[in-house]
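The structure appears right after this line, and notes come after that.
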Amino acid sequence: MRKYNVVLWEDYNWDRFYPLSLTRPLFDLRIGTERFVDRALDIFGDRNPSGICRPELKNILQDLGIQIYPAGIDPDLPTVFLNGTAVFAKKHRQIIDNLDKLTVLTAQEKPVAVYFPFGKELDILQRIFESIPTEKDYDNLMSLYPIIETDVHVFDSIWDLVYKNPEIIISDFEENFSNRVSLGEIDDRAAILGTVFVNEGAVIDPFAVLDGRNGPVIIDKDVYVMSGAVIIGPAYIGESTNVMPYARIREGTSIGPVCRIGGEVEESIFLGYSNKFHNGFIGHSYIGKWVNLGALTTNSDLKNNYHEIRVTTPEKVYSTGLNKVGTFIGDHSKLGIGTLLTSGSTVGVAANFFGGGLAPKTLPSFLWGSLKNGFESYNINKAIETAIIVMSRRDSVLSRADEVLLRNISEQSENLRSNF
């Protein structure tokens, strides 16, 4: 089987993935059972990938195990450039394995992959991919080189990730789990219905319900599903996550690693290392890392008139074309007990809202306060101190690159807080 240099690039529409895109390149986002970078490596097999991302994110690539392009490129190997928000399958690798000249794979009228055999045109590709390619760069690629149209799905927004997540969980199961045997510890008194996979080290307590009749339930390594919890597929629960007693994890939900999940969750993605310990509803939402949702935190995901929901950020309002859209919460944000969130709302990085009640439609990064007492800027040193404490509770460390990035986000969002 061919070996490749693998290079992932960020799409130019990264702002449509706010606020999760503030703290990571798009290929570090999760959908289905994996991050985009992990699923690309599963297909193309390079354990030393390179990445093309915004300049402010380059310093965190190393923490993700990704080199800054063109570092790490072996000139004796062909290179496959991959759109960082595209979902590839083994059949797409077979297409690329049969290529012998520079070729652009497209989907949804944009490039999703570029196969590059080593040779004289390397300089051309390096110029195109010096930075995040623009729409003009895409047009140039598709006009200069042979094109193969594919059925790869490439995502163009964070709400698109949530909308397609149930479908991706099903395809991930078929591709990666359907032939595997459950090795976890399942109590005889648990209800196992339909298609369910329980990985080694996972524990399913008495009277838990895993309902895979309408889509697979995938329980990964060292997950603990407590008594009375109900998980309805398609659903994925990531490594070392605890599902609390009487939690209701409904269809279309992906929970990343080391989360604590209680209450009700529907068609949502938790990136990882976040807590929703208590009752409350999260639906059609995307939650970043190191987020804490206080008891009874609840979001709306449907307007009373059933009309299209628009997503509001501090700088722009986006049309979604959907009538089921929840909320999008950035890394390190904290919402106090009784917080209510409107459909299409956003919470930036390290925002802190407390005191309960209906939160504003959009909370900028590093905003601190309540409806009763007003809002102010969250002191960056205190925010860093809290992040270090929170991460240490999960045996994690805030890297120097992450700290610098958080400080930059705080500085760059100062005007947004002032305008707020």
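Following the order of the structure tokens, chains are lettered A, B, ..., residues in each are numbered from 1, and ligands are numbered from 1.
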### Message
Give me the residues near stretch 297-301 of chain A as an MDAnalysis selection string, where near means some atom within 7 Å (using only C-alpha atoms) and where sequence neighbours in that chain fewer than 4 positions away do not count.
### Response
chainID A and resid 280:284 293 324:327 337:343
Selection to disk with C-alpha atoms, as a PDB file, in the first residue's frame:
ATOM      1  CA  GLY A 280     -30.829  20.568  32.272  1.00  0.00           C
ATOM      2  CA  PHE A 281     -31.172  20.256  28.496  1.00  0.00           C
ATOM      3  CA  ILE A 282     -28.555  20.721  25.773  1.00  0.00           C
ATOM      4  CA  GLY A 283     -29.791  20.180  22.219  1.00  0.00           C
ATOM      5  CA  HIS A 284     -28.397  20.679  18.698  1.00  0.00           C
ATOM      6  CA  LEU A 293     -22.476  23.921  32.659  1.00  0.00           C
ATOM      7  CA  LYS A 324     -33.254  23.182  14.840  1.00  0.00           C
ATOM      8  CA  VAL A 325     -30.098  24.942  16.087  1.00  0.00           C
ATOM      9  CA  GLY A 326     -28.883  25.213  19.667  1.00  0.00           C
ATOM     10  CA  THR A 327     -25.919  27.008  21.183  1.00  0.00           C
ATOM     11  CA  ILE A 337     -26.832  27.431  37.708  1.00  0.00           C
ATOM     12  CA  GLY A 338     -30.106  28.251  36.027  1.00  0.00           C
ATOM     13  CA  THR A 339     -28.570  29.663  32.838  1.00  0.00           C
ATOM     14  CA  LEU A 340     -30.975  29.808  29.887  1.00  0.00           C
ATOM     15  CA  LEU A 341     -29.643  30.059  26.329  1.00  0.00           C
ATOM     16  CA  THR A 342     -31.616  31.023  23.230  1.00  0.00           C
ATOM     17  CA  SER A 343     -31.476  29.132  19.947  1.00  0.00           C
TER      18      SER A 343
END
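For stretch 267-273 of chain A, the list of residues within 8 Å, based on only C-alpha atoms and with local chain neighbours fewer than 4 positions off taken out, reads Leu29, Arg30, Ile31, Val162, Tyr163, Asn165, Pro166, Arg250, Glu251, Gly252, Thr253, Ser254, Ile255, Gly256, Pro257, Val258, Cys259, Arg260, Ile282, Gly283, His284, Ser285, Tyr286, Ile287, Gly288, Lys289, Trp290, Val291 and Arg394 of chain A.
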### Message
I want to know what sits within 12 Å of A:Pro55, based on only C-alpha atoms, with residues of the same chain fewer than 2 positions away left out; could you give that as JSON, numbers by chain?
### Response
{"A": [10, 22, 24, 25, 51, 52, 53, 57, 58, 59, 60, 61, 68, 69, 130, 131, 132, 405]}
### Task
Please identify all polymer residues within 6 Å of A:Ala229, counting only C-alpha atoms, omitting same-chain residues fewer than 3 positions from it, and present them as a PyMOL selection string.
chain A and resi 208+226+245-247
Selected residues written out, N, CA and C atoms, as a short mmCIF file (atom, residue, chain, number, x, y, z; two decimals), in the first residue's frame:
data_model
loop_
_atom_site.label_atom_id
_atom_site.label_comp_id
_atom_site.auth_asym_id
_atom_site.auth_seq_id
_atom_site.Cartn_x
_atom_site.Cartn_y
_atom_site.Cartn_z
N ALA A 208 -29.05 0.38 33.46
CA ALA A 208 -28.76 1.31 32.37
C ALA A 208 -29.40 0.77 31.09
N MET A 226 -23.71 4.83 34.41
CA MET A 226 -24.26 4.52 35.73
C MET A 226 -25.73 4.10 35.64
N PRO A 245 -26.06 8.94 36.73
CA PRO A 245 -27.34 8.24 36.92
C PRO A 245 -28.52 9.03 36.34
N TYR A 246 -29.38 8.32 35.61
CA TYR A 246 -30.61 8.87 35.04
C TYR A 246 -30.37 9.92 33.95
N ALA A 247 -29.14 9.98 33.44
CA ALA A 247 -28.89 10.83 32.28
C ALA A 247 -29.69 10.31 31.09
#
Neighbouring residues of stretch 96-109 of chain A were defined as those with any atom within 6 Å, considering only C-alpha atoms; residues of the same chain fewer than 4 positions away were excluded. Please report them as a PDB file with N, CA and C atoms, in the first residue's frame.
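Once everything was written out, this is part.pdb:
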ATOM      1  N   ALA A 113      -9.372  17.385  -1.725  1.00  0.00           N
ATOM      2  CA  ALA A 113      -8.060  16.735  -1.649  1.00  0.00           C
ATOM      3  C   ALA A 113      -7.271  17.071  -2.907  1.00  0.00           C
ATOM      4  N   VAL A 114      -5.950  17.129  -2.755  1.00  0.00           N
ATOM      5  CA  VAL A 114      -5.052  17.305  -3.894  1.00  0.00           C
ATOM      6  C   VAL A 114      -3.969  16.236  -3.797  1.00  0.00           C
ATOM      7  N   TYR A 115      -3.903  15.392  -4.811  1.00  0.00           N
ATOM      8  CA  TYR A 115      -2.835  14.396  -4.867  1.00  0.00           C
ATOM      9  C   TYR A 115      -1.657  14.996  -5.614  1.00  0.00           C
ATOM     10  N   PHE A 116      -0.484  14.902  -5.006  1.00  0.00           N
ATOM     11  CA  PHE A 116       0.700  15.500  -5.599  1.00  0.00           C
ATOM     12  C   PHE A 116       1.832  14.478  -5.640  1.00  0.00           C
ATOM     13  N   TYR A 145      -5.784  21.850 -13.055  1.00  0.00           N
ATOM     14  CA  TYR A 145      -5.426  20.441 -12.941  1.00  0.00           C
ATOM     15  C   TYR A 145      -6.646  19.551 -13.144  1.00  0.00           C
ATOM     16  N   PRO A 146      -6.406  18.275 -13.492  1.00  0.00           N
ATOM     17  CA  PRO A 146      -7.522  17.334 -13.656  1.00  0.00           C
ATOM     18  C   PRO A 146      -8.343  17.219 -12.383  1.00  0.00           C
ATOM     19  N   ILE A 147      -9.644  17.014 -12.557  1.00  0.00           N
ATOM     20  CA  ILE A 147     -10.584  16.968 -11.427  1.00  0.00           C
ATOM     21  C   ILE A 147     -11.292  15.620 -11.408  1.00  0.00           C
ATOM     22  N   ILE A 148     -11.459  15.086 -10.213  1.00  0.00           N
ATOM     23  CA  ILE A 148     -12.327  13.933 -10.003  1.00  0.00           C
ATOM     24  C   ILE A 148     -13.384  14.337  -8.980  1.00  0.00           C
ATOM     25  N   GLU A 149     -14.652  14.302  -9.366  1.00  0.00           N
ATOM     26  CA  GLU A 149     -15.743  14.633  -8.443  1.00  0.00           C
ATOM     27  C   GLU A 149     -16.008  13.431  -7.532  1.00  0.00           C
ATOM     28  N   THR A 150     -16.175  13.690  -6.242  1.00  0.00           N
ATOM     29  CA  THR A 150     -16.376  12.622  -5.264  1.00  0.00           C
ATOM     30  C   THR A 150     -17.618  12.901  -4.425  1.00  0.00           C
ATOM     31  N   VAL A 152     -17.352  12.841  -1.123  1.00  0.00           N
ATOM     32  CA  VAL A 152     -16.845  13.276   0.183  1.00  0.00           C
ATOM     33  C   VAL A 152     -17.740  14.388   0.715  1.00  0.00           C
TER      34      VAL A 152
END
